[in-house]
$ cat query_39.cif   # mmCIF, C-alpha atoms
data_start
loop_
_atom_site.label_atom_id
_atom_site.label_comp_id
_atom_site.auth_asym_id
_atom_site.auth_seq_id
_atom_site.Cartn_x
_atom_site.Cartn_y
_atom_site.Cartn_z
CA MET W 30 6.63 11.30 -35.19
CA ALA W 31 9.92 10.15 -33.72
CA SER W 32 12.23 12.28 -31.60
CA ILE W 33 15.94 11.45 -31.39
CA ARG W 34 18.40 13.00 -28.97
CA ASN W 35 22.01 12.33 -28.05
CA ARG W 36 22.30 11.36 -24.39
CA ASN W 37 25.44 10.05 -22.72
CA GLY W 38 26.98 9.08 -26.05
CA ARG W 39 23.90 7.13 -27.23
CA TYR W 40 20.90 8.08 -29.34
CA GLN W 41 17.69 7.96 -27.34
CA THR W 42 14.67 7.56 -29.59
CA GLN W 43 11.01 8.00 -28.72
CA VAL W 44 7.96 7.36 -30.88
CA ARG W 45 4.49 8.60 -29.94
CA ILE W 46 1.48 7.78 -32.12
CA ASN W 47 -2.23 7.57 -31.26
CA GLY W 48 -1.65 7.49 -27.51
CA HIS W 49 1.08 4.85 -27.73
CA SER W 50 4.59 5.73 -26.62
CA THR W 51 7.78 3.68 -26.91
CA SER W 52 11.47 4.48 -26.59
CA SER W 53 14.85 2.83 -26.91
CA SER W 54 18.54 3.73 -27.17
CA PHE W 55 21.07 2.99 -29.93
CA ASP W 56 24.77 3.48 -30.63
CA THR W 57 24.27 5.25 -33.97
CA ARG W 58 21.74 7.69 -35.36
CA SER W 59 21.08 5.48 -38.37
CA GLU W 60 20.09 2.58 -36.11
CA ALA W 61 17.81 4.92 -34.19
CA ARG W 62 16.12 6.14 -37.39
CA ALA W 63 15.65 2.63 -38.72
CA TRP W 64 14.09 1.44 -35.46
CA ALA W 65 11.79 4.49 -35.29
CA ALA W 66 10.64 3.93 -38.87
CA GLY W 67 9.80 0.31 -38.10
CA ILE W 68 7.87 1.24 -34.95
CA GLU W 69 5.93 3.96 -36.78
CA ALA W 70 5.02 1.56 -39.57
CA SER W 71 3.86 -1.02 -37.01
CA LEU W 72 1.74 1.46 -35.08
CA LEU W 73 0.14 2.89 -38.20
CA SER W 74 -0.57 -0.46 -39.86
CA PRO W 75 -4.20 -1.75 -40.05
CA CYS W 76 -3.02 -4.99 -38.43
CA HIS W 77 -2.00 -3.06 -35.31
CA SER W 78 -5.51 -1.73 -34.74
CA ARG W 79 -7.02 -5.17 -35.30
CA CYS W 80 -4.53 -7.35 -33.45
CA GLY W 81 -3.38 -5.12 -30.61
CA HIS W 82 -0.10 -3.37 -29.99
CA ARG W 83 3.09 -5.37 -29.47
CA PRO W 84 5.43 -3.35 -27.22
CA HIS W 85 9.09 -3.40 -28.18
CA ASP W 86 10.62 -3.51 -24.70
CA MET W 87 9.90 -3.02 -21.00
CA ALA W 88 10.83 0.64 -21.30
CA GLU W 89 7.82 1.20 -23.54
CA ILE W 90 5.50 -0.45 -21.02
CA MET W 91 6.94 1.51 -18.10
CA HIS W 92 6.83 4.87 -19.91
CA HIS W 93 3.15 4.34 -20.71
CA TYR W 94 2.50 3.20 -17.12
CA MET W 95 4.20 6.32 -15.74
CA GLU W 96 2.08 8.50 -18.00
CA LYS W 97 -1.31 6.81 -17.49
CA ILE W 98 -1.27 5.02 -14.13
CA SER W 99 1.32 6.50 -11.76
CA PRO W 100 -0.14 10.05 -11.60
CA ALA W 101 -3.32 8.68 -9.98
CA LYS W 102 -1.38 7.22 -7.03
CA ARG W 103 -0.98 9.11 -3.76
CA THR W 104 2.78 8.37 -3.74
CA HIS W 105 3.27 8.99 -7.45
CA LYS W 106 6.20 11.40 -6.99
CA ASN W 107 8.32 8.80 -5.23
CA GLU W 108 7.21 6.12 -7.69
CA ILE W 109 8.25 8.25 -10.68
CA ILE W 110 11.70 8.79 -9.16
CA MET W 111 12.10 5.06 -8.58
CA LEU W 112 10.87 4.10 -12.06
CA ASN W 113 13.15 6.64 -13.76
CA ALA W 114 16.09 5.03 -11.98
CA MET W 115 14.87 1.59 -13.05
CA LEU W 116 14.58 2.71 -16.67
CA ARG W 117 18.36 3.19 -16.73
CA GLU W 118 18.82 -0.57 -16.34
CA TYR W 119 20.13 -2.32 -19.46
CA TRP W 120 17.35 -4.95 -19.52
CA MET W 121 14.70 -2.28 -19.93
CA SER W 122 15.86 -1.79 -23.57
CA ILE W 123 16.14 -5.49 -24.44
CA PRO W 124 13.41 -6.50 -26.95
CA LEU W 125 10.66 -8.36 -25.10
CA LYS W 126 11.04 -11.40 -27.34
CA GLU W 127 14.66 -11.67 -26.13
CA LEU W 128 14.06 -10.76 -22.46
CA THR W 129 14.36 -13.80 -20.17
CA PRO W 130 13.92 -14.51 -16.45
CA SER W 131 17.72 -14.66 -16.12
CA HIS W 132 17.94 -10.94 -16.95
CA LEU W 133 15.57 -10.03 -14.12
CA ALA W 134 17.10 -12.58 -11.75
CA GLU W 135 20.50 -10.94 -12.26
CA TYR W 136 18.89 -7.54 -11.59
CA ARG W 137 17.25 -8.91 -8.42
CA ASP W 138 20.49 -10.36 -7.05
CA ARG W 139 22.40 -7.16 -7.81
CA ARG W 140 19.78 -4.92 -6.20
CA LEU W 141 19.68 -7.07 -3.07
CA GLN W 142 23.27 -6.06 -2.40
CA THR W 143 22.13 -2.48 -1.72
CA ILE W 144 18.45 -2.63 -0.68
CA LYS W 145 16.36 -4.80 1.64
CA PRO W 146 14.38 -7.76 0.25
CA ALA W 147 11.06 -6.14 1.16
CA SER W 148 12.03 -3.00 -0.77
CA PHE W 149 12.92 -5.01 -3.86
CA ASN W 150 9.67 -6.96 -3.70
CA ARG W 151 7.65 -3.74 -3.52
CA GLN W 152 9.48 -2.37 -6.56
CA PHE W 153 9.14 -5.60 -8.51
CA CYS W 154 5.38 -5.62 -7.81
CA ILE W 155 5.16 -2.38 -9.78
CA ILE W 156 6.76 -4.08 -12.80
CA VAL W 157 4.31 -6.99 -12.53
CA HIS W 158 1.38 -4.56 -12.16
CA ALA W 159 2.47 -2.56 -15.20
CA CYS W 160 2.64 -5.70 -17.33
CA ARG W 161 -0.78 -6.85 -16.14
CA ILE W 162 -2.33 -3.47 -16.92
CA ALA W 163 -0.69 -3.47 -20.36
CA LYS W 164 -2.20 -6.87 -21.17
CA ASP W 165 -5.60 -6.69 -19.48
CA GLU W 166 -6.56 -3.04 -19.98
CA TRP W 167 -4.54 -1.75 -22.91
CA GLY W 168 -4.78 -4.94 -24.95
CA TRP W 169 -1.04 -5.07 -25.60
CA ILE W 170 0.32 -8.42 -26.74
CA PHE W 171 3.57 -9.88 -25.37
CA ASP W 172 4.86 -12.92 -23.54
CA GLY W 173 5.37 -12.12 -19.86
CA GLY W 174 7.41 -15.22 -19.10
CA PHE W 175 10.36 -13.03 -18.11
CA LEU W 176 8.48 -12.18 -14.89
CA ASN W 177 8.80 -15.77 -13.63
CA ILE W 178 11.50 -15.21 -11.03
CA ARG W 179 11.52 -15.86 -7.31
CA LYS W 180 10.72 -13.00 -5.00
CA ALA W 181 13.43 -11.94 -2.60
CA LYS W 182 13.21 -13.89 0.63
CA THR W 183 12.33 -11.54 3.47
CA PRO W 184 13.75 -12.25 6.94
CA PRO W 185 11.43 -12.49 9.97
CA PRO W 186 10.49 -9.10 11.45
CA SER W 187 13.13 -7.77 13.81
CA ALA W 188 12.38 -7.15 17.48
CA ILE W 189 10.70 -3.86 18.31
CA ARG W 190 13.26 -1.31 19.45
CA ARG W 191 12.01 0.49 22.55
CA VAL W 192 12.77 4.12 23.36
CA ASN W 193 13.01 4.31 27.16
CA LYS W 194 12.43 7.37 29.34
CA ASP W 195 16.12 8.20 29.64
CA GLN W 196 16.62 8.07 25.86
CA LEU W 197 13.55 10.21 25.28
CA ALA W 198 14.86 12.76 27.79
CA LEU W 199 18.20 12.87 25.94
CA LEU W 200 16.42 13.42 22.62
CA LEU W 201 14.28 16.24 24.00
CA ASP W 202 17.28 17.88 25.66
CA ALA W 203 19.14 17.75 22.35
CA CYS W 204 16.16 19.42 20.63
CA ARG W 205 16.59 22.52 22.76
CA GLY W 206 19.81 23.32 20.94
CA CYS W 207 18.13 23.24 17.53
CA ARG W 208 17.20 26.31 15.52
CA ASN W 209 14.05 24.50 14.42
CA LYS W 210 12.00 24.45 17.60
CA ARG W 211 9.27 22.34 15.96
CA ILE W 212 11.29 19.14 16.14
CA GLU W 213 10.90 18.88 19.92
CA HIS W 214 7.11 19.09 19.73
CA ILE W 215 7.05 16.73 16.73
CA ILE W 216 8.94 14.09 18.72
CA GLU W 217 6.60 14.49 21.69
CA LEU W 218 3.51 14.21 19.46
CA ALA W 219 4.89 11.17 17.64
CA ILE W 220 5.63 9.22 20.80
CA GLU W 221 2.25 10.12 22.32
CA THR W 222 0.16 9.24 19.24
CA GLY W 223 2.16 6.82 17.08
CA LEU W 224 1.74 9.04 14.01
CA ARG W 225 4.11 8.50 11.08
CA ARG W 226 6.10 11.39 9.58
CA SER W 227 3.87 11.53 6.51
CA GLU W 228 0.76 11.48 8.68
CA LEU W 229 2.04 14.27 10.90
CA CYS W 230 2.63 16.43 7.85
CA SER W 231 -0.82 15.67 6.41
CA VAL W 232 -2.79 16.95 9.42
CA ILE W 233 -4.73 20.16 8.76
CA LYS W 234 -5.39 22.53 11.64
CA SER W 235 -9.12 22.21 11.04
CA ASP W 236 -8.80 18.45 11.68
CA VAL W 237 -7.66 19.13 15.26
CA ASP W 238 -10.35 19.20 17.97
CA LEU W 239 -8.66 20.45 21.12
CA ASN W 240 -11.94 20.64 23.05
CA ASN W 241 -12.43 16.88 22.78
CA GLY W 242 -8.73 16.05 22.49
CA MET W 243 -8.90 14.46 19.03
CA ILE W 244 -7.16 14.59 15.66
CA LYS W 245 -9.11 13.43 12.61
CA LEU W 246 -6.52 11.79 10.37
CA VAL W 247 -7.74 11.72 6.75
CA SER W 248 -4.57 10.95 4.78
CA THR W 249 -3.09 7.67 6.02
CA LYS W 250 -0.64 5.07 4.73
CA ASN W 251 -3.31 2.39 4.20
CA GLY W 252 -5.99 4.80 2.99
CA PHE W 253 -8.34 4.25 5.96
CA PRO W 254 -9.04 7.45 7.96
CA ARG W 255 -8.93 7.22 11.73
CA THR W 256 -9.36 9.37 14.83
CA ILE W 257 -6.41 9.85 17.18
CA PRO W 258 -7.11 10.62 20.87
CA LEU W 259 -4.70 13.07 22.44
CA THR W 260 -3.06 12.80 25.85
CA GLY W 261 -2.30 15.91 27.89
CA ARG W 262 1.31 16.00 26.62
CA ALA W 263 0.08 15.53 23.05
CA ILE W 264 -2.32 18.46 23.41
CA GLN W 265 0.49 20.71 24.60
CA ALA W 266 2.64 19.64 21.63
CA VAL W 267 -0.25 20.28 19.23
CA LYS W 268 -0.81 23.78 20.63
CA ALA W 269 2.89 24.61 20.23
CA LEU W 270 2.92 23.32 16.64
CA MET W 271 -0.23 25.26 15.72
CA THR W 272 1.39 28.43 17.00
CA ALA W 273 4.64 27.79 15.12
CA SER W 274 2.97 26.82 11.83
CA GLY W 275 2.46 29.56 9.28
CA THR W 276 0.23 27.47 7.02
CA GLU W 277 -3.00 25.48 7.27
CA HIS W 278 -0.98 22.39 8.17
CA LEU W 279 -0.26 21.48 11.77
CA VAL W 280 3.35 20.71 10.80
CA ASP W 281 4.50 23.08 8.07
CA ILE W 282 7.68 21.22 7.08
CA THR W 283 8.13 18.16 4.86
CA PRO W 284 8.57 14.56 6.03
CA ASN W 285 12.15 14.68 4.76
CA ALA W 286 12.83 17.80 6.80
CA ILE W 287 11.58 15.93 9.87
CA ARG W 288 13.91 13.03 9.05
CA LEU W 289 16.93 15.29 8.65
CA GLY W 290 16.09 17.22 11.81
CA PHE W 291 15.71 14.02 13.81
CA VAL W 292 19.05 12.70 12.52
CA ARG W 293 20.76 15.84 13.84
CA VAL W 294 18.99 15.51 17.19
CA ARG W 295 19.80 11.84 17.72
CA THR W 296 23.43 12.46 16.76
CA ARG W 297 23.66 15.30 19.28
CA ALA W 298 22.06 13.02 21.89
CA GLY W 299 24.48 10.16 21.14
CA LEU W 300 21.62 7.87 20.07
CA GLY W 301 22.52 7.23 16.44
CA HIS W 302 20.83 3.81 16.45
CA ILE W 303 17.34 5.23 17.04
CA LYS W 304 15.11 5.96 14.05
CA PHE W 305 12.12 8.30 13.94
CA HIS W 306 9.84 5.32 13.24
CA ASP W 307 10.97 3.84 16.58
CA LEU W 308 8.85 6.54 18.22
CA ARG W 309 5.77 4.97 16.61
CA HIS W 310 6.82 1.52 17.85
CA GLU W 311 7.27 2.89 21.35
CA ALA W 312 3.87 4.59 21.24
CA VAL W 313 2.09 1.35 20.26
CA SER W 314 3.95 -0.60 22.95
CA ARG W 315 2.85 1.99 25.52
CA PHE W 316 -0.78 1.70 24.40
CA PHE W 317 -0.71 -2.00 25.26
CA GLU W 318 0.99 -1.31 28.57
CA MET W 319 -1.80 1.14 29.42
CA GLY W 320 -4.22 -1.77 29.20
CA LEU W 321 -5.81 -1.05 25.81
CA SER W 322 -7.12 -4.08 23.91
CA PRO W 323 -5.77 -4.97 20.43
CA PRO W 324 -8.86 -3.51 18.65
CA GLU W 325 -8.47 -0.28 20.65
CA VAL W 326 -4.77 -0.05 19.83
CA ALA W 327 -5.47 -0.79 16.15
CA SER W 328 -8.05 2.01 16.02
CA ILE W 329 -5.27 4.44 17.01
CA SER W 330 -2.29 2.95 15.18
CA GLY W 331 -4.12 2.05 11.97
CA HIS W 332 -2.98 -1.59 11.85
CA ARG W 333 -5.48 -3.63 9.84
CA THR W 334 -4.69 -7.15 11.07
CA LEU W 335 -3.95 -8.79 14.40
CA SER W 336 -0.80 -10.36 12.94
CA GLN W 337 0.68 -6.89 12.48
CA LEU W 338 -0.02 -6.02 16.09
CA MET W 339 1.50 -9.28 17.34
CA ARG W 340 4.93 -7.72 16.78
CA TYR W 341 4.16 -5.83 19.98
CA SER W 342 3.36 -8.98 21.93
CA HIS W 343 6.22 -8.19 24.32
CA ALA W 344 4.20 -5.28 25.70
CA MET W 345 1.12 -7.48 26.15
CA GLU W 346 3.21 -10.21 27.81
CA GLU W 347 4.65 -7.74 30.30
CA ARG W 348 1.17 -6.42 31.14
CA VAL W 349 -0.20 -9.95 31.55
CA ALA W 350 2.73 -10.82 33.85
CA CYS W 351 2.01 -7.74 36.01
CA VAL W 352 -1.67 -8.70 36.26
CA LEU W 353 -0.84 -12.27 37.26
CA ARG W 354 1.69 -11.16 39.85
CA ALA W 355 -0.94 -8.92 41.44
CA MET W 356 -3.40 -11.82 41.82
#
$ encode --input "query_39.cif" --output "structure tokens"
Amino acid sequence: MASIRNRNGRYQTQVRINGHSTSSSFDTRSEARAWAAGIEASLLSPCHSRCGHRPHDMAEIMHHYMEKISPAKRTHKNEIIMLNAMLREYWMSIPLKELTPSHLAEYRDRRLQTIKPASFNRQFCIIVHACRIAKDEWGWIFDGGFLNIRKAKTPPPSAIRRVNKDQLALLLDACRGCRNKRIEHIIELAIETGLRRSELCSVIKSDVDLNNGMIKLVSTKNGFPRTIPLTGRAIQAVKALMTASGTEHLVDITPNAIRLGFVRVRTRAGLGHIKFHDLRHEAVSRFFEMGLSPPEVASISGHRTLSQLMRYSHAMEERVACVLRAM
């Protein structure tokens, strides 16, 4: 059956039959009813079961993708938020037989005015993946020629921003004026281990081995678990966080709470240009300066390829120069 509701002056219509869901918006209720009747007749026809479903628009594909595929992803909550925003785009409701690459190219160029090229490419990959799943796994029939647009050109990676000792001291001093005392220990642990915000928040107390100075990291960005060795300063930070945490997690606040807390700290320290992720960059640079080899650094940082680690070549070059000067 079809459901029709008035939303923002338009009639949003959704049809769900036999596991298939499609929706679209119209200016009048009569147009909405006529479209719904046509979709219902198409879905219930014997030809549909024999020939495969023909989706009406991208919105239908994305709604089905959000219902069937997104929930299985580790980052599904963020993906759902992003896809719901994308569904408000006008081209999502254009019939697929009328959708052209120029529609998506205009969307790409408009989005690039507000987001980075890499961010757009990641989002566009979800659209491509949804269409591939619809064709290959669901057996839906449509022409995907509208996907033939150029990806956004990504600039070369920027230079690694270092956090020197004086800047770190300013950040830690600024932490002491915060009501949330965890942020100081979180900063210390991040710069000693290179852990991301999401990884810090995923650590369970039972994954911490203080006797051997190790953290077993199970939930990671790339899905590969790894073991993080702890320095003396890191162990002290871990002990403080375990005492402050009232849950099974080592850090009992969300990644967004860490971000907001760090923004307040850096502002108070007069270091508005520093990001929390810069602490990870600094940690990896320090690992190289300590004399660790690329495989050893990768085992801590979680980088899967040497090309990713080569962004930190400045740290290796400085260490090599020191070795050569000592010869």
$ resolve_selection --input "query_39.cif" --expression "the PyMOL selection byres ((chain W and resi 258) around 7)" --output "list in words"
Gly242, Met243, Ile244, Thr256, Ile257, Leu259 and Thr260 of chain W
$ resolve_selection --input "query_39.cif" --expression "the PyMOL selection byres ((chain W and resi 111) around 12)" --output "PyMOL selection string"
chain W and resi 91+95+99+104-110+112-118+148-149+151-153+155-156
$ resolve_selection --input "query_39.cif" --expression "the PyMOL selection byres ((chain W and resi 125) around 10)" --output "ChimeraX atom specification"
/W:83-88,120-124,126-129,171-175
$ write_last_selection --input "query_39.cif" --atoms "C-alpha atoms" --output "short mmCIF file (atom, residue, chain, number, x, y, z; two decimals), keeping the file's coordinate frame"
data_model
loop_
_atom_site.label_atom_id
_atom_site.label_comp_id
_atom_site.auth_asym_id
_atom_site.auth_seq_id
_atom_site.Cartn_x
_atom_site.Cartn_y
_atom_site.Cartn_z
CA ARG W 83 3.09 -5.37 -29.47
CA PRO W 84 5.43 -3.35 -27.22
CA HIS W 85 9.09 -3.40 -28.18
CA ASP W 86 10.62 -3.51 -24.70
CA MET W 87 9.90 -3.02 -21.00
CA ALA W 88 10.83 0.64 -21.30
CA TRP W 120 17.35 -4.95 -19.52
CA MET W 121 14.70 -2.28 -19.93
CA SER W 122 15.86 -1.79 -23.57
CA ILE W 123 16.14 -5.49 -24.44
CA PRO W 124 13.41 -6.50 -26.95
CA LYS W 126 11.04 -11.40 -27.34
CA GLU W 127 14.66 -11.67 -26.13
CA LEU W 128 14.06 -10.76 -22.46
CA THR W 129 14.36 -13.80 -20.17
CA PHE W 171 3.57 -9.88 -25.37
CA ASP W 172 4.86 -12.92 -23.54
CA GLY W 173 5.37 -12.12 -19.86
CA GLY W 174 7.41 -15.22 -19.10
CA PHE W 175 10.36 -13.03 -18.11
#
$ atom_distance --input "query_39.cif" --atom1 "CA of Phe317 (chain W)" --atom2 "CA of Ser231 (chain W)"
25.8 Å
$ closest_residue --input "query_39.cif" --among "W:Phe291, W:Tyr40, W:Tyr94, W:Phe55" --to "Ala203 (chain W)" --atoms "only C-alpha atoms"
W:Phe291
$ residues_around --input "query_39.cif" --residues "Ile170 (chain W)" --least-positions-apart "3" --cutoff "9 Å" --atoms "only C-alpha atoms" --output "ChimeraX atom specification"
/W:80-84,163-164
$ atom_distance --input "query_39.cif" --atom1 "CA of Ile90 (chain W)" --atom2 "CA of Asp56 (chain W)"
21.9 Å
$ atom_distance --input "query_39.cif" --atom1 "CA of Leu201 (chain W)" --atom2 "CA of Ser248 (chain W)"
27.4 Å
$ axis_aligned_box --input "query_39.cif" --around "region 206-210 of chain W" --padding-each-side "8 Å" --output "AutoDock Vina command-line options"
--center_x 15.9 --center_y 24.8 --center_z 17.7 --size_x 23.8 --size_y 19.1 --size_z 22.5
$ residues_near_point --input "query_39.cif" --point "(10.4, 0.1, 14.0)" --cutoff "9 Å" --atoms "only C-alpha atoms" --output "PyMOL selection string"
chain W and resi 187-191+304-311
$ write_last_selection --input "query_39.cif" --atoms "C-alpha atoms" --output "PDB file, in the coordinates of the input"
ATOM      1  CA  SER W 187      13.130  -7.770  13.810  1.00  0.00           C
ATOM      2  CA  ALA W 188      12.380  -7.150  17.480  1.00  0.00           C
ATOM      3  CA  ILE W 189      10.700  -3.860  18.310  1.00  0.00           C
ATOM      4  CA  ARG W 190      13.260  -1.310  19.450  1.00  0.00           C
ATOM      5  CA  ARG W 191      12.010   0.490  22.550  1.00  0.00           C
ATOM      6  CA  LYS W 304      15.110   5.960  14.050  1.00  0.00           C
ATOM      7  CA  PHE W 305      12.120   8.300  13.940  1.00  0.00           C
ATOM      8  CA  HIS W 306       9.840   5.320  13.240  1.00  0.00           C
ATOM      9  CA  ASP W 307      10.970   3.840  16.580  1.00  0.00           C
ATOM     10  CA  LEU W 308       8.850   6.540  18.220  1.00  0.00           C
ATOM     11  CA  ARG W 309       5.770   4.970  16.610  1.00  0.00           C
ATOM     12  CA  HIS W 310       6.820   1.520  17.850  1.00  0.00           C
ATOM     13  CA  GLU W 311       7.270   2.890  21.350  1.00  0.00           C
TER      14      GLU W 311
END
$ closest_residue --input "query_39.cif" --among "W:Val232, W:Ala312, W:Ala298, W:Ala63" --to "Leu279 (chain W)" --atoms "all atoms listed in the file"
W:Val232
$ closest_residue --input "query_39.cif" --among "W:Ser274, W:Ile46, W:Pro186, W:Arg255" --to "Gln337 (chain W)" --atoms "only C-alpha atoms"
W:Pro186
